[in-house]
>>> print(open('work.txt').read())   # compact mmCIF, C-alpha atoms
# COMPACT_ATOMS: atom_id res chain seq x y z
CA MET A 171 3.47 -64.65 -51.13
CA CYS A 172 7.07 -63.89 -52.02
CA ASP A 173 7.87 -67.60 -51.97
CA ASP A 174 5.26 -68.26 -54.64
CA HIS A 175 6.83 -65.90 -57.18
CA GLU A 176 10.17 -65.54 -58.84
CA PHE A 177 11.88 -62.19 -58.84
CA PRO A 178 14.79 -61.14 -60.96
CA THR A 179 17.97 -61.02 -58.94
CA GLY A 180 20.66 -58.43 -58.83
CA SER A 181 24.39 -58.77 -58.33
CA THR A 182 23.87 -59.39 -54.62
CA GLY A 183 21.70 -62.35 -55.24
CA LYS A 184 18.66 -60.64 -53.74
CA PRO A 185 15.59 -59.96 -55.85
CA ALA A 186 16.13 -56.68 -57.74
CA THR A 187 12.63 -55.39 -56.93
CA ILE A 188 13.24 -55.75 -53.21
CA VAL A 189 16.53 -53.90 -53.54
CA ALA A 190 14.69 -51.14 -55.41
CA LEU A 191 11.99 -50.95 -52.76
CA ILE A 192 14.56 -50.78 -49.99
CA GLY A 193 16.36 -48.02 -51.88
CA MET A 194 13.15 -46.04 -52.38
CA THR A 195 12.27 -46.47 -48.71
CA GLY A 196 15.65 -45.06 -47.73
CA LEU A 197 15.18 -42.16 -50.13
CA VAL A 198 11.75 -41.39 -48.68
CA ALA A 199 13.21 -41.48 -45.16
CA MET A 200 15.92 -39.08 -46.22
CA LEU A 201 13.37 -36.74 -47.75
CA VAL A 202 11.15 -36.86 -44.68
CA THR A 203 14.14 -36.19 -42.44
CA ALA A 204 15.21 -33.31 -44.64
CA ALA A 205 11.68 -31.91 -44.67
CA CYS A 206 11.43 -32.09 -40.87
CA ARG A 207 14.78 -30.39 -40.55
CA THR A 208 13.64 -27.72 -43.00
CA ILE A 209 10.55 -26.96 -40.92
CA GLN A 210 11.93 -27.22 -37.40
CA ASP A 211 15.60 -26.24 -37.47
CA PRO A 212 16.59 -22.58 -37.28
CA VAL A 213 17.70 -21.24 -40.64
CA PRO A 214 21.31 -20.01 -40.85
CA SER A 215 21.63 -16.66 -42.53
CA HIS A 216 23.63 -18.18 -45.42
CA ALA A 217 21.08 -20.92 -46.27
CA TRP A 218 20.86 -20.09 -49.96
CA ASP A 219 19.22 -23.34 -50.95
CA ASP A 220 16.54 -23.55 -48.22
CA ALA A 221 13.33 -24.82 -49.82
CA ARG A 222 11.16 -22.53 -47.75
CA PHE A 223 12.35 -19.46 -49.61
CA GLY A 224 11.92 -20.56 -53.20
CA PRO A 225 14.26 -21.79 -55.98
CA LEU A 226 17.97 -21.28 -55.91
CA VAL A 227 19.06 -17.85 -57.03
CA PRO A 228 21.10 -17.85 -60.27
CA HIS A 229 24.82 -17.42 -59.69
CA ASP A 230 25.52 -15.53 -62.92
CA SER A 231 26.92 -12.48 -61.15
CA PHE A 232 28.72 -14.42 -58.37
CA PRO A 233 32.53 -14.71 -58.13
CA GLY A 234 34.06 -17.62 -60.01
CA ASP A 235 35.79 -18.98 -56.87
CA CYS A 236 33.16 -21.43 -55.56
CA GLY A 237 35.32 -22.13 -52.52
CA LEU A 238 34.43 -18.71 -51.17
CA CYS A 239 31.07 -20.13 -50.13
CA HIS A 240 31.01 -23.90 -50.68
CA ILE A 241 32.99 -26.70 -49.12
CA PRO A 242 35.08 -28.65 -51.68
CA GLU A 243 33.47 -31.99 -50.93
CA ARG A 244 29.79 -31.00 -51.26
CA TRP A 245 28.14 -28.56 -53.62
CA ASP A 246 24.98 -28.37 -51.46
CA GLU A 247 26.78 -27.30 -48.28
CA LEU A 248 28.27 -23.93 -47.47
CA ARG A 249 31.35 -23.37 -45.39
CA GLU A 250 30.68 -23.00 -41.67
CA ASP A 251 32.89 -19.94 -41.58
CA PHE A 252 31.04 -18.35 -44.47
CA ALA A 253 30.55 -14.62 -43.80
CA PHE A 254 29.46 -11.72 -45.93
CA ASP A 255 29.96 -8.10 -44.90
CA HIS A 256 26.73 -6.77 -46.29
CA GLU A 257 27.42 -3.12 -45.53
CA ALA A 258 30.95 -3.19 -46.91
CA GLU A 259 30.01 -5.06 -50.09
CA THR A 260 26.63 -3.48 -50.86
CA GLY A 261 26.53 -0.22 -48.88
CA VAL A 262 23.39 -1.39 -47.09
CA ALA A 263 23.72 -2.18 -43.38
CA LEU A 264 21.60 -4.99 -41.99
CA GLU A 265 20.35 -3.98 -38.53
CA GLY A 266 18.32 -5.66 -35.81
CA ALA A 267 16.55 -8.82 -36.88
CA HIS A 268 17.60 -8.21 -40.49
CA ALA A 269 21.19 -9.07 -39.56
CA GLN A 270 20.10 -12.62 -38.67
CA ALA A 271 17.76 -13.17 -41.59
CA ALA A 272 18.58 -15.81 -44.19
CA CYS A 273 19.94 -14.41 -47.45
CA LEU A 274 17.03 -15.84 -49.46
CA ARG A 275 14.59 -13.82 -47.38
CA CYS A 276 15.49 -10.90 -49.61
CA HIS A 277 17.53 -12.42 -52.43
CA ASN A 278 15.09 -14.86 -53.99
CA ASP A 279 13.27 -15.38 -57.25
CA ARG A 280 10.83 -12.50 -56.75
CA GLY A 281 12.93 -10.22 -58.86
CA PRO A 282 15.65 -7.62 -58.35
CA VAL A 283 16.06 -6.59 -54.73
CA LYS A 284 15.87 -2.89 -55.59
CA GLN A 285 12.41 -3.41 -57.04
CA TYR A 286 10.74 -4.40 -53.77
CA VAL A 287 13.10 -2.53 -51.44
CA SER A 288 11.86 0.64 -53.11
CA ARG A 289 8.42 -0.13 -51.64
CA GLY A 290 9.80 0.05 -48.11
CA CYS A 291 8.73 -2.39 -45.42
CA SER A 292 5.69 -3.50 -47.39
CA GLY A 293 8.00 -4.83 -50.05
CA CYS A 294 8.87 -7.74 -47.77
CA HIS A 295 6.27 -7.62 -44.98
CA VAL A 296 2.58 -8.14 -45.60
CA ASP A 297 0.71 -5.24 -44.01
CA PRO A 298 -1.83 -6.73 -41.57
CA HIS A 299 -3.40 -3.28 -41.23
CA GLU A 300 -4.30 -3.24 -44.93
CA SER A 301 -2.75 0.24 -45.38
CA ARG A 302 -5.27 1.81 -42.99
CA LEU A 303 -2.41 3.20 -40.93
CA GLY A 304 -0.29 4.36 -43.85
CA ASN A 305 2.96 2.96 -45.16
CA ASP A 306 5.33 4.31 -42.52
CA CYS A 307 5.80 1.09 -40.53
CA ALA A 308 8.74 2.64 -38.65
CA HIS A 309 6.29 4.97 -36.94
CA CYS A 310 5.23 2.06 -34.70
CA HIS A 311 7.71 -0.76 -35.40
CA HIS A 312 11.49 -1.08 -35.21
CA GLN A 313 13.96 -3.56 -36.68
CA LEU A 314 14.58 -5.58 -33.52
CA ASP A 315 11.19 -7.28 -33.67
CA TRP A 316 7.74 -6.61 -35.05
CA ARG A 317 6.18 -5.58 -31.73
CA PRO A 318 4.95 -1.95 -31.80
CA THR A 319 6.65 0.71 -29.69
CA GLY A 320 5.81 4.26 -28.64
CA MET A 321 2.12 3.56 -28.23
CA ILE A 322 1.97 5.29 -24.82
CA ALA A 323 3.11 8.57 -26.31
CA GLU A 324 0.91 8.01 -29.34
CA HIS A 325 -2.13 7.44 -27.16
CA ALA A 326 -1.38 10.59 -25.17
CA THR A 327 -2.39 12.61 -28.23
CA THR A 328 -5.85 11.02 -28.25
CA ARG A 329 -8.88 11.58 -26.03
CA PHE A 330 -7.89 8.55 -23.95
CA PRO A 331 -4.28 8.71 -22.62
CA LEU A 332 -2.97 5.40 -21.29
CA THR A 333 -2.13 5.56 -17.58
CA GLY A 334 -1.70 3.01 -14.80
CA ALA A 335 -2.73 -0.54 -15.71
CA HIS A 336 -4.00 0.62 -19.11
CA ALA A 337 -0.42 1.25 -20.19
CA GLY A 338 0.52 -2.41 -19.76
CA ILE A 339 -2.20 -4.23 -21.68
CA ALA A 340 -2.19 -5.39 -25.28
CA CYS A 341 -3.78 -3.14 -27.90
CA ASP A 342 -6.35 -5.75 -28.90
CA ALA A 343 -7.61 -5.97 -25.30
CA CYS A 344 -9.53 -2.77 -26.06
CA HIS A 345 -9.25 -2.51 -29.83
CA ARG A 346 -10.89 -5.70 -30.99
CA ARG A 347 -9.98 -5.02 -34.63
CA ALA A 348 -6.42 -3.94 -33.89
CA LYS A 349 -4.87 -6.72 -35.97
CA LEU A 350 -6.71 -5.36 -38.98
CA GLY A 351 -5.43 -1.87 -38.27
CA ASP A 352 -8.85 -0.57 -37.23
CA PHE A 353 -8.51 1.43 -34.02
CA ARG A 354 -11.54 3.64 -34.49
CA GLY A 355 -14.86 3.73 -32.67
CA GLU A 356 -13.83 2.18 -29.36
CA PRO A 357 -15.69 3.63 -26.34
CA THR A 358 -13.84 5.59 -23.66
CA GLU A 359 -16.42 5.17 -20.88
CA CYS A 360 -14.99 2.96 -18.11
CA HIS A 361 -18.09 0.90 -17.46
CA LEU A 362 -18.30 -0.34 -21.05
CA CYS A 363 -15.00 -2.23 -20.60
CA HIS A 364 -15.40 -3.02 -16.91
CA MET A 365 -18.85 -4.61 -16.85
CA ASP A 366 -17.51 -7.69 -15.05
CA ASP A 367 -15.85 -5.54 -12.38
CA LEU A 368 -19.06 -3.59 -11.99
CA ALA A 369 -21.05 -6.79 -11.45
CA ARG A 370 -18.60 -7.99 -8.78
CA ALA A 371 -18.61 -4.69 -6.87
CA THR A 372 -20.88 -5.45 -3.91
CA ASP A 373 -19.32 -3.36 -1.13
CA PRO A 374 -21.11 -1.15 -1.82
CA ASP A 375 -23.45 -2.74 -4.32
CA HIS A 376 -22.82 -0.55 -7.35
CA ARG A 377 -25.91 -1.54 -9.31
CA GLN A 378 -28.29 -1.15 -6.37
CA SER A 379 -26.78 2.22 -5.52
CA GLY A 380 -26.92 3.43 -9.09
CA LEU A 381 -23.13 3.67 -9.29
CA ILE A 382 -22.84 2.51 -12.88
CA ARG A 383 -21.21 5.35 -14.78
CA ASP A 384 -18.36 7.76 -14.10
CA CYS A 385 -16.15 5.07 -12.53
CA GLN A 386 -13.24 7.52 -12.47
CA ARG A 387 -14.93 9.43 -9.64
CA CYS A 388 -13.88 6.64 -7.24
CA HIS A 389 -11.47 4.39 -9.14
CA ALA A 390 -8.00 5.07 -10.49
CA THR A 391 -6.35 3.40 -13.47
CA THR A 392 -3.71 1.79 -11.26
CA SER A 393 -6.13 -0.86 -10.00
CA TRP A 394 -9.88 -1.45 -9.61
CA SER A 395 -9.66 -2.04 -5.85
CA GLY A 396 -8.78 0.60 -3.28
CA ALA A 397 -11.37 3.04 -4.57
CA ALA A 398 -11.68 6.49 -3.06
CA PHE A 399 -14.35 9.09 -3.77
CA ASP A 400 -13.32 12.70 -4.24
CA HIS A 401 -15.75 14.63 -2.04
CA THR A 402 -15.07 17.94 -3.74
CA THR A 403 -18.70 18.95 -3.46
CA PHE A 404 -18.72 17.96 0.23
CA PRO A 405 -15.14 18.09 1.54
CA LEU A 406 -14.45 15.49 4.23
CA THR A 407 -12.61 17.24 7.05
CA GLY A 408 -12.07 16.46 10.70
CA ALA A 409 -14.02 13.46 11.96
CA HIS A 410 -15.79 13.16 8.60
CA ALA A 411 -12.51 12.12 6.98
CA ARG A 412 -12.34 9.09 9.31
CA ALA A 413 -15.96 8.04 8.89
CA ASP A 414 -17.02 4.99 6.93
CA CYS A 415 -18.99 5.56 3.76
CA LEU A 416 -22.03 3.76 5.19
CA ASP A 417 -22.09 6.08 8.22
CA CYS A 418 -23.57 8.73 5.98
CA HIS A 419 -24.78 6.69 3.03
CA VAL A 420 -27.21 4.50 4.94
CA GLY A 421 -28.13 1.25 3.26
CA GLY A 422 -25.46 1.73 0.63
CA ARG A 423 -27.43 4.43 -1.16
CA TYR A 424 -25.20 7.18 -2.44
CA ARG A 425 -27.46 9.27 -4.59
CA GLY A 426 -29.61 11.86 -2.87
CA THR A 427 -27.73 11.82 0.46
CA PRO A 428 -28.59 15.12 2.23
CA ARG A 429 -25.74 17.49 3.02
CA ALA A 430 -27.35 19.38 5.91
CA CYS A 431 -25.63 18.64 9.25
CA VAL A 432 -28.87 17.98 11.09
CA ALA A 433 -29.70 15.16 8.66
CA CYS A 434 -26.94 13.11 10.32
CA HIS A 435 -26.70 14.90 13.69
CA GLN A 436 -30.36 15.15 14.68
CA GLN A 437 -29.73 13.04 17.80
CA GLU A 438 -26.85 15.24 18.97
CA TYR A 439 -28.97 18.33 18.39
CA GLN A 440 -31.80 16.99 20.54
CA GLN A 441 -29.57 15.68 23.35
CA THR A 442 -27.46 18.82 23.83
CA THR A 443 -28.70 20.51 27.04
CA ASN A 444 -26.07 23.14 27.75
CA PRO A 445 -27.55 25.06 26.18
CA ASN A 446 -30.72 23.16 25.36
CA HIS A 447 -30.93 23.43 21.60
CA VAL A 448 -34.58 22.44 21.36
CA THR A 449 -35.82 24.80 24.12
CA ALA A 450 -33.68 27.63 22.81
CA GLN A 451 -35.05 26.95 19.34
CA PHE A 452 -31.59 26.95 17.88
CA PRO A 453 -31.53 26.80 14.11
CA THR A 454 -30.39 23.54 12.57
CA THR A 455 -27.47 25.21 10.85
CA CYS A 456 -25.09 23.30 13.12
CA GLU A 457 -21.98 24.62 11.38
CA VAL A 458 -22.56 28.05 12.91
CA CYS A 459 -21.34 26.77 16.30
CA HIS A 460 -19.93 23.30 15.64
CA SER A 461 -16.96 22.16 13.58
CA THR A 462 -16.25 18.83 11.90
CA VAL A 463 -13.52 18.07 14.44
CA ALA A 464 -16.03 17.11 17.15
CA TRP A 465 -19.55 18.02 18.30
CA ARG A 466 -18.05 19.48 21.48
CA PRO A 467 -16.74 21.98 22.29
CA ALA A 468 -18.88 24.35 20.30
CA SER A 469 -18.22 28.03 19.86
CA PHE A 470 -20.26 30.84 18.42
CA ASN A 471 -18.50 33.69 16.68
CA HIS A 472 -20.19 36.81 18.03
CA ASP A 473 -18.00 39.26 16.18
CA PRO A 474 -20.17 39.90 13.13
CA TYR A 475 -23.24 40.35 15.32
CA PHE A 476 -21.98 41.38 18.74
CA PRO A 477 -18.51 43.00 18.65
CA ILE A 478 -18.57 43.52 22.41
CA SER A 479 -17.94 39.76 22.81
CA SER A 480 -14.19 40.40 22.93
CA GLY A 481 -12.24 41.64 25.91
CA ASP A 482 -13.87 41.12 29.31
CA HIS A 483 -16.82 39.33 27.75
CA SER A 484 -14.71 36.55 26.18
CA GLY A 485 -14.75 34.36 29.30
CA LEU A 486 -18.48 34.48 29.94
CA SER A 487 -20.87 31.59 29.64
CA CYS A 488 -23.74 31.77 27.22
CA ILE A 489 -26.39 32.05 29.94
CA ASP A 490 -24.57 35.03 31.53
CA CYS A 491 -25.92 37.18 28.74
CA HIS A 492 -28.81 34.98 27.59
CA PRO A 493 -30.83 34.40 30.78
CA GLY A 494 -33.47 31.71 30.78
CA ASN A 495 -31.68 29.83 28.01
CA ASN A 496 -33.32 32.15 25.53
CA TYR A 497 -30.85 33.00 22.81
CA ASN A 498 -33.23 35.19 20.89
CA THR A 499 -32.64 37.97 23.46
CA PHE A 500 -29.76 39.18 25.58
CA SER A 501 -29.37 41.33 28.66
CA CYS A 502 -26.81 44.06 29.32
CA ILE A 503 -28.32 45.50 32.49
CA THR A 504 -28.17 42.16 34.29
CA CYS A 505 -24.42 42.63 34.61
CA HIS A 506 -24.43 46.41 34.32
CA PRO A 507 -27.20 47.54 36.73
CA HIS A 508 -27.40 51.21 35.86
CA ARG A 509 -30.23 52.93 37.70
CA ARG A 510 -33.01 53.74 35.36
CA SER A 511 -33.51 57.22 36.84
CA GLU A 512 -29.87 58.02 36.28
CA MET A 513 -29.91 56.69 32.72
CA ASP A 514 -33.12 58.58 31.95
CA ASP A 515 -31.56 61.85 33.12
CA GLU A 516 -28.29 61.19 31.27
CA HIS A 517 -30.05 60.33 28.01
CA ARG A 518 -32.62 63.12 28.20
CA GLY A 519 -33.09 64.46 24.71
CA VAL A 520 -31.38 61.45 23.00
CA PRO A 521 -33.59 60.35 20.09
CA GLY A 522 -34.91 56.79 20.37
CA TYR A 523 -33.66 56.24 23.89
CA THR A 524 -35.35 53.49 25.94
CA TYR A 525 -34.17 51.71 29.03
CA MET A 526 -33.60 48.32 27.32
CA SER A 527 -30.53 46.16 26.70
CA ALA A 528 -31.11 46.13 22.96
CA ALA A 529 -31.20 49.93 22.93
CA CYS A 530 -28.00 50.09 24.99
CA PHE A 531 -26.19 47.80 22.55
CA GLN A 532 -27.38 49.76 19.54
CA CYS A 533 -25.63 52.91 20.73
CA HIS A 534 -22.78 51.27 22.61
CA PRO A 535 -21.83 48.16 20.56
CA ARG A 536 -18.36 48.11 22.09
CA GLY A 537 -19.29 49.21 25.58
CA ARG A 538 -17.98 52.71 25.23
CA GLU A 539 -19.94 55.80 26.23
CA ARG A 540 -19.61 57.29 22.80
>>> encode(input="work.txt", output="structure tokens")
Amino acid sequence: MCDDHEFPTGSTGKPATIVALIGMTGLVAMLVTAACRTIQDPVPSHAWDDARFGPLVPHDSFPGDCGLCHIPERWDELREDFAFDHEAETGVALEGAHAQAACLRCHNDRGPVKQYVSRGCSGCHVDPHESRLGNDCAHCHHQLDWRPTGMIAEHATTRFPLTGAHAGIACDACHRRAKLGDFRGEPTECHLCHMDDLARATDPDHRQSGLIRDCQRCHATTSWSGAAFDHTTFPLTGAHARADCLDCHVGGRYRGTPRACVACHQQEYQQTTNPNHVTAQFPTTCEVCHSTVAWRPASFNHDPYFPISSGDHSGLSCIDCHPGNNYNTFSCITCHPHRRSEMDDEHRGVPGYTYMSAACFQCHPRGRER
């Protein structure tokens, strides 16, 4: 098509329109390159003319020596060694991230710096919390970066102190409206945040066993696994401390488990023959004779009931005093065969005297004559 038309020519002999188009194309390329650099490149702190921060600030109050900031050859470039001691010149020290901020971040066309500095942090930083948390940004944030600090101590003053793994998670993991500054109304019950963990807990099956609430009774905040139940109401001592949960909680059912010894030790009770617990009609209060260390050996503390059990009686077998395996009675005269005629004469006139072991023990609980 170009061959069919005549174009005016320039001094180079080329059509002037083509030269213009080529020039415009180059200009567009330069603008695109500049725009890309503006968006992607880090901004030096002295980038006064960066388009991202608004129009150029008027230089009315600046020193007359342009060479203090600009290179002689280009008006739009500043000297690489340009430096400004902000604290010395203005009395305001730039700390943390502020020391690396571009000048136009604060000195732009929004008005006098003092006007918005007087508003504190919110003068420059949009408050994502919408003033719900007050205007004291320094209470949670510092000048190094915008990430909050001191939240562990802050949380310790609430009804839910952060411990273990809770101390290392992001605020919005629990506070869904944290970015809006709304930290109210979040539940503190474990199961409401750990529903997925609850569903995966199958050893034992938490749902089947009714173990849905009060997770803290078995789990710690350090990790969900490695749970341990605090048996304060039924202390696990001796062999009980080494038992598996399912040894007592048959079928994985934890609620309603009986605490009486015989509920778990019925077989031991029935199989013990020396003495025969069933024949002797022993009560099922196993703890009277047995400890949690082991079912055998067993020992009965006679002291509250039979003080004479100490001394020479300490080495006797149960059936020495309880003949016939009958523990509801005992015999003194089996080992101490006092003649009845002699005892009758000696106790003549003693109120309540009868020639029976129980009567002997009542007057002579420690084996003494008086």
>>> closest_residue(input="work.txt", among="A:Thr442, A:Ser527, A:Ser231, A:Thr455", to="Ile503 of chain A", atoms="all atoms listed in the file")
A:Ser527
>>> axis_aligned_box(input="work.txt", around="segment 316-321 of chain A", padding_each_side="5 Å", output="JSON")
{"center_x": 4.9, "center_y": -1.2, "center_z": -31.6, "size_x": 15.6, "size_y": 20.9, "size_z": 16.8}
>>> closest_residue(input="work.txt", among="A:Arg347, A:Arg377, A:Arg302, A:Arg383", to="Leu362 of chain A", atoms="all atoms listed in the file")
A:Arg383
>>> residues_near_point(input="work.txt", point="(-27.0, 6.7, -8.8)", cutoff="7 Å", atoms="only C-alpha atoms", output="list in words")
Ser379, Gly380, Leu381, Tyr424 and Arg425 of chain A
>>> closest_residue(input="work.txt", among="A:Phe452, A:Trp465, A:Phe399, A:Phe476", to="Glu438 of chain A", atoms="all atoms listed in the file")
A:Trp465
>>> atom_distance(input="work.txt", atom1="atom CA of Gly422 of chain A", atom2="atom CA of Ala371 of chain A")
12.0 Å
>>> atom_distance(input="work.txt", atom1="atom CA of His268 of chain A", atom2="atom CA of Gly320 of chain A")
20.9 Å
>>> closest_residue(input="work.txt", among="A:His419, A:His435, A:Arg329, A:His483", to="Glu356 of chain A", atoms="only C-alpha atoms")
A:Arg329
>>> atom_distance(input="work.txt", atom1="atom CA of Arg354 of chain A", atom2="atom CA of Gln386 of chain A")
22.4 Å
>>> closest_residue(input="work.txt", among="A:Gly351, A:Pro428, A:Gly334, A:Gly522", to="Cys310 of chain A", atoms="only C-alpha atoms")
A:Gly351
>>> residues_around(input="work.txt", residues="Cys491 of chain A", least_positions_apart="2", cutoff="10 Å", atoms="all atoms listed in the file", output="list in words")
His483, Leu486, Ser487, Cys488, Ile489, Pro493, Gly494, Asn495, Asn496, Tyr497, Thr499, Phe500, Ser501, Cys502, Ile503, Thr504 and Cys505 of chain A
>>> residues_around(input="work.txt", residues="Asp417 of chain A", least_positions_apart="6", cutoff="12 Å", atoms="all atoms listed in the file", output="PDB file with C-alpha atoms, keeping the file's coordinate frame")
ATOM      1  CA  ALA A 409     -14.020  13.460  11.960  1.00  0.00           C
ATOM      2  CA  HIS A 410     -15.790  13.160   8.600  1.00  0.00           C
ATOM      3  CA  ALA A 411     -12.510  12.120   6.980  1.00  0.00           C
ATOM      4  CA  ARG A 423     -27.430   4.430  -1.160  1.00  0.00           C
ATOM      5  CA  TYR A 424     -25.200   7.180  -2.440  1.00  0.00           C
ATOM      6  CA  THR A 427     -27.730  11.820   0.460  1.00  0.00           C
ATOM      7  CA  ALA A 433     -29.700  15.160   8.660  1.00  0.00           C
ATOM      8  CA  CYS A 434     -26.940  13.110  10.320  1.00  0.00           C
ATOM      9  CA  HIS A 435     -26.700  14.900  13.690  1.00  0.00           C
TER      10      HIS A 435
END
>>> closest_residue(input="work.txt", among="A:His240, A:His472, A:His295, A:Arg518", to="Cys276 of chain A", atoms="only C-alpha atoms")
A:His295
>>> residues_around(input="work.txt", residues="Thr260 of chain A", least_positions_apart="5", cutoff="12 Å", atoms="all atoms listed in the file", output="PyMOL selection string")
chain A and resi 254-255+283-284
>>> residues_around(input="work.txt", residues="Pro318 of chain A", least_positions_apart="6", cutoff="10 Å", atoms="only C-alpha atoms", output="PyMOL selection string")
chain A and resi 307-312+341
>>> build_atoms(input="work.txt", residues="segment 274-289 of chain A", atoms="N, CA and C atoms", output="PDB file, in the frame of the given file")
ATOM      1  N   LEU A 274      18.144 -15.673 -48.532  1.00  0.00           N
ATOM      2  CA  LEU A 274      17.030 -15.840 -49.460  1.00  0.00           C
ATOM      3  C   LEU A 274      15.765 -15.128 -49.015  1.00  0.00           C
ATOM      4  N   ARG A 275      15.741 -14.598 -47.787  1.00  0.00           N
ATOM      5  CA  ARG A 275      14.590 -13.820 -47.380  1.00  0.00           C
ATOM      6  C   ARG A 275      14.423 -12.613 -48.308  1.00  0.00           C
ATOM      7  N   CYS A 276      15.544 -12.063 -48.731  1.00  0.00           N
ATOM      8  CA  CYS A 276      15.490 -10.900 -49.610  1.00  0.00           C
ATOM      9  C   CYS A 276      15.953 -11.231 -51.030  1.00  0.00           C
ATOM     10  N   HIS A 277      16.964 -12.082 -51.118  1.00  0.00           N
ATOM     11  CA  HIS A 277      17.530 -12.420 -52.430  1.00  0.00           C
ATOM     12  C   HIS A 277      16.931 -13.740 -52.894  1.00  0.00           C
ATOM     13  N   ASN A 278      15.774 -13.660 -53.505  1.00  0.00           N
ATOM     14  CA  ASN A 278      15.090 -14.860 -53.990  1.00  0.00           C
ATOM     15  C   ASN A 278      14.608 -14.637 -55.411  1.00  0.00           C
ATOM     16  N   ASP A 279      13.673 -15.434 -55.843  1.00  0.00           N
ATOM     17  CA  ASP A 279      13.270 -15.380 -57.250  1.00  0.00           C
ATOM     18  C   ASP A 279      12.136 -14.394 -57.497  1.00  0.00           C
ATOM     19  N   ARG A 280      11.919 -13.461 -56.557  1.00  0.00           N
ATOM     20  CA  ARG A 280      10.830 -12.500 -56.750  1.00  0.00           C
ATOM     21  C   ARG A 280      11.229 -11.356 -57.669  1.00  0.00           C
ATOM     22  N   GLY A 281      12.479 -11.279 -57.988  1.00  0.00           N
ATOM     23  CA  GLY A 281      12.930 -10.220 -58.860  1.00  0.00           C
ATOM     24  C   GLY A 281      14.075  -9.456 -58.235  1.00  0.00           C
ATOM     25  N   PRO A 282      14.544  -8.410 -58.892  1.00  0.00           N
ATOM     26  CA  PRO A 282      15.650  -7.620 -58.350  1.00  0.00           C
ATOM     27  C   PRO A 282      15.301  -7.048 -56.979  1.00  0.00           C
ATOM     28  N   VAL A 283      16.285  -7.077 -56.083  1.00  0.00           N
ATOM     29  CA  VAL A 283      16.060  -6.590 -54.730  1.00  0.00           C
ATOM     30  C   VAL A 283      15.609  -5.141 -54.732  1.00  0.00           C
ATOM     31  N   LYS A 284      16.202  -4.314 -55.578  1.00  0.00           N
ATOM     32  CA  LYS A 284      15.870  -2.890 -55.590  1.00  0.00           C
ATOM     33  C   LYS A 284      14.402  -2.659 -55.891  1.00  0.00           C
ATOM     34  N   GLN A 285      13.811  -3.581 -56.641  1.00  0.00           N
ATOM     35  CA  GLN A 285      12.410  -3.410 -57.040  1.00  0.00           C
ATOM     36  C   GLN A 285      11.470  -3.410 -55.841  1.00  0.00           C
ATOM     37  N   TYR A 286      11.667  -4.357 -54.904  1.00  0.00           N
ATOM     38  CA  TYR A 286      10.740  -4.400 -53.770  1.00  0.00           C
ATOM     39  C   TYR A 286      11.263  -3.654 -52.548  1.00  0.00           C
ATOM     40  N   VAL A 287      12.584  -3.385 -52.510  1.00  0.00           N
ATOM     41  CA  VAL A 287      13.100  -2.530 -51.440  1.00  0.00           C
ATOM     42  C   VAL A 287      12.585  -1.115 -51.609  1.00  0.00           C
ATOM     43  N   SER A 288      12.356  -0.717 -52.840  1.00  0.00           N
ATOM     44  CA  SER A 288      11.860   0.640 -53.110  1.00  0.00           C
ATOM     45  C   SER A 288      10.468   0.850 -52.514  1.00  0.00           C
ATOM     46  N   ARG A 289       9.754  -0.250 -52.243  1.00  0.00           N
ATOM     47  CA  ARG A 289       8.420  -0.130 -51.640  1.00  0.00           C
ATOM     48  C   ARG A 289       8.463  -0.057 -50.121  1.00  0.00           C
TER      49      ARG A 289
END
